[in-house]
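A short write-up of the structure that comes next.
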Amino acid sequence: VIKTIGTCDEIRDLVLKMRGQGETVGLVPTMGALHEGHLSLVRESIASCDHTVISIFVNPTQFGPSEDLAKYPRTLDSDLAMLNEVAKDYAKTFPIVFAPNEVEMYPEGYSTSVDPPAVAAPLEGVFRPGHFRGVTTVVLKLFAAVPANTAYFGLKDYQQFRVIQAMTQDLNLGLRIHACPTVRESDGLAMSSRNRYLSPEDRVRALSLSQALSAAQKLLDQGIRCPIEIMDCIRQTLSVVDQVDYAAIVDSDTLQPVEEISSEAVALIAARVGGTRLIDNRVLRVK
Ligand code: PAF
C-alpha cells in the first residue's frame with residue numbers, strides 16, 4: 001500500500017537516498033481531490049521514473065481572500081484509494097504520498113516568497129492577483145523537499161505550466177518539467193476538482209468553454225487566421241455563462257497578444273458558471 005509522509009525532512013532524505021542509488025524520481029504536485037487528469041500525470045510518472053512522489057497540499061497562499069480555500073475539497077482517503085488502484089497496474093514500487101500540513105509548509109514566522117516570472121502577469125495574473133506568487137513559492141518549496149528528476153503538470157493550467165517552466169529555467173532548478181494533455185469528460189468538459197460544485201444546469205452551460213475552443217480550431221481549419229474574428233465566435237459561444245473573466249488568443253510561449261496566427265497560438269478562457277470559476281484552453285494549430 002501507499003506510504004504517506006508528512007514532513008519535508010523525511011521525504012527529502014528518502015528521495016536523496018533513491019537518487020544516491022542512481023534511481024530516478026518523478027514528482028506530481030497536487031492539491032488533492034484527485035481525478036483522471038491527476039491520475040494521467042501519476043501514470044506518466046510511474047511509467048517513466050523508478051519512483052513517484054505525489055504531493056497533496058491545499059496551498060493557502062495561492063487563494064485570494066474572496067476565493068474558495070475554505071470549501072476547497074479535501075478528500076485524502078479517497079485520493080489514497082485512487083492512487084492504490086492506479087499503482088496496482090504497474091509492477092513497480094508503490095508511489096509515495098507527501099502530504100504535509102500547513103504548519104510544516106508555512107511555519108510561524110515564514111516570510112520568503114518567489115517573485116513570479118513575466119509570463120505570470122497577464123490573464124490569471126490580472127484576475128487573481130497574488131495567485132502565481134503563491135504557486136511559484138509552494139512549487140519551489142515542493143521541489144526543494146522532493147528533489148526529483150522530473151515534475152509533472154497538467155496543461156489544463158496552461159499559464160501555470162508556463163510560469164513553472166520559466167521559474168525552473170530562470171532559477172536553474174535543474175529538473176525537467178513535463179506537461180501532460182488536459183483530460184476531458186466524454187462531452188468535452190475539462191476535468192477539474194471544481195466541477196463537483198456545478199449543478200446539473202451549470203454543468204450544461206460549462207460545456208460552452210470547450211465548445212468555444214473547438215469552434216476556434218474549426219475556424220482556423222477553414223483558413224481564418226485573424227484572432228479578432230475567431231474571438232467573436234468564442235465570445236458568442238460563451239454567451240451562456242454568467243461572467244467571462246477573460247477569453248484571449250495569445251502567443252503560446254509568452255502569452256502576449258498575437259496579430260495573426262502563423263503556426264500556433266493558444267486560446268485561453270476563464271469564466272464563471274453559477275458560483276464556480278472554470279478555466280480551459282486549447283493550443284490552436286494551423287494544419
Ligand atoms: O495545480 C495545482 O494543483 C497547484 O497549483 C499546485 C501546482 C499543486 C501548487 O499548489
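Chain labels follow the order of the C-alpha cells: the first chain is A, the next B, and so on; residue numbering restarts at 1 in every chain, and ligands are counted from 1 in their shown order.
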
Counting only C-alpha atoms and all ligand atoms, what are the residues, protein, DNA or RNA alike, that approach ligand 1 to within 7 Å? I want them as a list in words.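 Final answer, ordered by chain and number: Pro29, Thr30, Met31, Phe57, Val58, Asn59, Val135, Val138, Val139 and Asp157 of chain A.
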
Dump of all heavy atoms for the selected residues, as a PDB file, in the first residue's frame:
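Output contents, as saved in out-v8.pdb:
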ATOM      1  N   PRO A  29       2.909  17.263  -8.290  1.00  0.00           N
ATOM      2  CA  PRO A  29       2.346  18.160  -7.273  1.00  0.00           C
ATOM      3  C   PRO A  29       0.833  18.315  -7.466  1.00  0.00           C
ATOM      4  O   PRO A  29       0.383  18.574  -8.594  1.00  0.00           O
ATOM      5  CB  PRO A  29       3.047  19.506  -7.524  1.00  0.00           C
ATOM      6  CG  PRO A  29       4.162  19.208  -8.486  1.00  0.00           C
ATOM      7  CD  PRO A  29       3.714  18.018  -9.269  1.00  0.00           C
ATOM      8  N   THR A  30       0.053  18.144  -6.400  1.00  0.00           N
ATOM      9  CA  THR A  30      -1.400  18.305  -6.498  1.00  0.00           C
ATOM     10  C   THR A  30      -1.936  18.979  -5.231  1.00  0.00           C
ATOM     11  O   THR A  30      -1.233  19.079  -4.234  1.00  0.00           O
ATOM     12  CB  THR A  30      -2.156  16.955  -6.642  1.00  0.00           C
ATOM     13  OG1 THR A  30      -2.300  16.353  -5.344  1.00  0.00           O
ATOM     14  CG2 THR A  30      -1.454  15.994  -7.566  1.00  0.00           C
ATOM     15  N   MET A  31      -3.200  19.401  -5.328  1.00  0.00           N
ATOM     16  CA  MET A  31      -3.893  19.878  -4.134  1.00  0.00           C
ATOM     17  C   MET A  31      -4.950  18.847  -3.728  1.00  0.00           C
ATOM     18  O   MET A  31      -5.927  19.173  -3.057  1.00  0.00           O
ATOM     19  CB  MET A  31      -4.532  21.251  -4.385  1.00  0.00           C
ATOM     20  CG  MET A  31      -3.495  22.318  -4.750  1.00  0.00           C
ATOM     21  SD  MET A  31      -4.007  23.988  -4.333  1.00  0.00           S
ATOM     22  CE  MET A  31      -5.446  24.154  -5.375  1.00  0.00           C
ATOM     23  N   PHE A  57      -1.317  18.937  -1.100  1.00  0.00           N
ATOM     24  CA  PHE A  57      -1.295  20.073  -0.159  1.00  0.00           C
ATOM     25  C   PHE A  57      -2.163  21.186  -0.732  1.00  0.00           C
ATOM     26  O   PHE A  57      -1.884  21.694  -1.825  1.00  0.00           O
ATOM     27  CB  PHE A  57       0.152  20.565   0.043  1.00  0.00           C
ATOM     28  CG  PHE A  57       0.248  21.757   0.961  1.00  0.00           C
ATOM     29  CD1 PHE A  57      -0.120  21.650   2.298  1.00  0.00           C
ATOM     30  CD2 PHE A  57       0.700  22.989   0.492  1.00  0.00           C
ATOM     31  CE1 PHE A  57      -0.041  22.759   3.154  1.00  0.00           C
ATOM     32  CE2 PHE A  57       0.784  24.092   1.333  1.00  0.00           C
ATOM     33  CZ  PHE A  57       0.411  23.969   2.676  1.00  0.00           C
ATOM     34  N   VAL A  58      -3.220  21.530  -0.024  1.00  0.00           N
ATOM     35  CA  VAL A  58      -4.069  22.653  -0.455  1.00  0.00           C
ATOM     36  C   VAL A  58      -3.354  23.925   0.002  1.00  0.00           C
ATOM     37  O   VAL A  58      -3.331  24.244   1.187  1.00  0.00           O
ATOM     38  CB  VAL A  58      -5.492  22.556   0.139  1.00  0.00           C
ATOM     39  CG1 VAL A  58      -6.346  23.727  -0.341  1.00  0.00           C
ATOM     40  CG2 VAL A  58      -6.151  21.231  -0.256  1.00  0.00           C
ATOM     41  N   ASN A  59      -2.731  24.589  -0.971  1.00  0.00           N
ATOM     42  CA  ASN A  59      -1.807  25.686  -0.648  1.00  0.00           C
ATOM     43  C   ASN A  59      -2.544  27.005  -0.402  1.00  0.00           C
ATOM     44  O   ASN A  59      -3.016  27.631  -1.355  1.00  0.00           O
ATOM     45  CB  ASN A  59      -0.829  25.837  -1.819  1.00  0.00           C
ATOM     46  CG  ASN A  59       0.051  27.055  -1.659  1.00  0.00           C
ATOM     47  OD1 ASN A  59       0.469  27.371  -0.541  1.00  0.00           O
ATOM     48  ND2 ASN A  59       0.329  27.747  -2.757  1.00  0.00           N
ATOM     49  N   VAL A 135       1.763  30.150  -6.059  1.00  0.00           N
ATOM     50  CA  VAL A 135       2.091  28.912  -6.781  1.00  0.00           C
ATOM     51  C   VAL A 135       3.612  28.740  -6.883  1.00  0.00           C
ATOM     52  O   VAL A 135       4.154  27.678  -6.558  1.00  0.00           O
ATOM     53  CB  VAL A 135       1.448  28.895  -8.192  1.00  0.00           C
ATOM     54  CG1 VAL A 135       1.995  27.746  -9.026  1.00  0.00           C
ATOM     55  CG2 VAL A 135      -0.074  28.803  -8.090  1.00  0.00           C
ATOM     56  N   VAL A 138       5.114  27.855  -3.410  1.00  0.00           N
ATOM     57  CA  VAL A 138       4.893  26.495  -2.905  1.00  0.00           C
ATOM     58  C   VAL A 138       5.568  25.464  -3.808  1.00  0.00           C
ATOM     59  O   VAL A 138       6.102  24.460  -3.324  1.00  0.00           O
ATOM     60  CB  VAL A 138       3.387  26.183  -2.714  1.00  0.00           C
ATOM     61  CG1 VAL A 138       2.706  25.785  -4.012  1.00  0.00           C
ATOM     62  CG2 VAL A 138       3.205  25.095  -1.670  1.00  0.00           C
ATOM     63  N   VAL A 139       5.584  25.720  -5.118  1.00  0.00           N
ATOM     64  CA  VAL A 139       6.190  24.732  -6.019  1.00  0.00           C
ATOM     65  C   VAL A 139       7.708  24.684  -5.794  1.00  0.00           C
ATOM     66  O   VAL A 139       8.311  23.608  -5.763  1.00  0.00           O
ATOM     67  CB  VAL A 139       5.812  25.002  -7.499  1.00  0.00           C
ATOM     68  CG1 VAL A 139       6.653  24.168  -8.449  1.00  0.00           C
ATOM     69  CG2 VAL A 139       4.331  24.721  -7.723  1.00  0.00           C
ATOM     70  N   ASP A 157      -3.983  23.778 -16.715  1.00  0.00           N
ATOM     71  CA  ASP A 157      -3.491  25.042 -16.158  1.00  0.00           C
ATOM     72  C   ASP A 157      -2.320  25.497 -17.030  1.00  0.00           C
ATOM     73  O   ASP A 157      -1.158  25.449 -16.615  1.00  0.00           O
ATOM     74  CB  ASP A 157      -3.048  24.847 -14.708  1.00  0.00           C
ATOM     75  CG  ASP A 157      -4.219  24.502 -13.808  1.00  0.00           C
ATOM     76  OD1 ASP A 157      -5.037  25.387 -13.541  1.00  0.00           O
ATOM     77  OD2 ASP A 157      -4.321  23.331 -13.399  1.00  0.00           O
TER      78      ASP A 157
END

Skip A:Gly174 itself and residues of its chain fewer than 3 positions away, then list as a list in words all residues within 12 Å of it, counting only C-alpha atoms.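 These residues fall inside the cut-off: Leu140, Phe143, Ala144, Pro147, Ala148, Asn149, Thr150, Ala151, Gln165, Ala166, Met167, Thr168, Gln169, Asp170, Leu171 and Ile177 of chain A.
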
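Residues surrounding A:Val286 within 8 Å are Leu220, Asp221, Ile261, Ser262, Ser263 and Glu264 of chain A [only C-alpha atoms; sequence separation below 5 positions excluded].
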
Could you write those residues out with N, CA and C atoms, as a PDB file, in the first residue's frame?
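Final output, out-v4.pdb:
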ATOM      1  N   LEU A 220      -9.978  28.144 -37.645  1.00  0.00           N
ATOM      2  CA  LEU A 220      -8.588  28.126 -38.112  1.00  0.00           C
ATOM      3  C   LEU A 220      -8.440  27.104 -39.254  1.00  0.00           C
ATOM      4  N   ASP A 221      -9.081  25.957 -39.085  1.00  0.00           N
ATOM      5  CA  ASP A 221      -9.047  24.916 -40.124  1.00  0.00           C
ATOM      6  C   ASP A 221      -9.653  25.423 -41.436  1.00  0.00           C
ATOM      7  N   ILE A 261      -2.400  34.373 -36.511  1.00  0.00           N
ATOM      8  CA  ILE A 261      -1.923  33.057 -36.101  1.00  0.00           C
ATOM      9  C   ILE A 261      -1.124  32.474 -37.265  1.00  0.00           C
ATOM     10  N   SER A 262       0.209  32.407 -37.113  1.00  0.00           N
ATOM     11  CA  SER A 262       1.008  31.918 -38.231  1.00  0.00           C
ATOM     12  C   SER A 262       1.167  30.401 -38.175  1.00  0.00           C
ATOM     13  N   SER A 263       1.604  29.844 -37.056  1.00  0.00           N
ATOM     14  CA  SER A 263       1.646  28.382 -36.983  1.00  0.00           C
ATOM     15  C   SER A 263       0.859  27.875 -35.784  1.00  0.00           C
ATOM     16  N   GLU A 264       1.052  28.502 -34.615  1.00  0.00           N
ATOM     17  CA  GLU A 264       0.214  28.120 -33.483  1.00  0.00           C
ATOM     18  C   GLU A 264       0.033  29.278 -32.518  1.00  0.00           C
TER      19      GLU A 264
END

With distances taken over only C-alpha atoms, which residue among A:Phe161, A:Phe98, A:Tyr152, A:Tyr246 lies nearest A:Val119? A:Phe161

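Minimum atom-to-atom distance to A:Ile230, evaluated using only C-alpha atoms, belongs to A:Glu260 out of A:Leu207, A:Glu260, A:Ser48, A:Thr24.
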
At a cut-off of 10 Å, using only C-alpha atoms, what residues contact stretch 74-78 of chain A? Leave out same-chain residues fewer than 4 positions from it and give the result as a ChimeraX atom specification. /A:31-34,56-58,70,82-84,99

What's the 10 Å shell around A:Gly188, counting only C-alpha atoms, without same-chain residues fewer than 6 positions away, as a PyMOL selection string? chain A and resi 206-211+214

Generate the output file for the selected residues, N, CA, C and O atoms, as a compact mmCIF listing (two decimals), in the first residue's frame.
# COMPACT_ATOMS: atom_id res chain seq x y z
N ALA A 206 -21.44 24.88 -18.62
CA ALA A 206 -19.98 24.80 -18.54
C ALA A 206 -19.37 24.24 -19.82
O ALA A 206 -18.20 24.50 -20.13
N LEU A 207 -20.18 23.48 -20.57
CA LEU A 207 -19.68 22.90 -21.82
C LEU A 207 -19.29 23.96 -22.84
O LEU A 207 -18.54 23.70 -23.78
N SER A 208 -19.84 25.19 -22.66
CA SER A 208 -19.57 26.23 -23.65
C SER A 208 -18.08 26.57 -23.73
O SER A 208 -17.60 27.02 -24.76
N LEU A 209 -17.32 26.32 -22.65
CA LEU A 209 -15.88 26.63 -22.70
C LEU A 209 -15.18 25.74 -23.73
O LEU A 209 -14.52 26.23 -24.65
N SER A 210 -15.34 24.42 -23.58
CA SER A 210 -14.66 23.52 -24.52
C SER A 210 -15.25 23.67 -25.93
O SER A 210 -14.53 23.54 -26.93
N GLN A 211 -16.57 23.97 -25.99
CA GLN A 211 -17.18 24.14 -27.32
C GLN A 211 -16.61 25.38 -28.02
O GLN A 211 -16.35 25.35 -29.23
N SER A 214 -13.20 24.44 -29.39
CA SER A 214 -13.29 23.59 -30.60
C SER A 214 -13.71 24.42 -31.80
O SER A 214 -13.18 24.25 -32.91
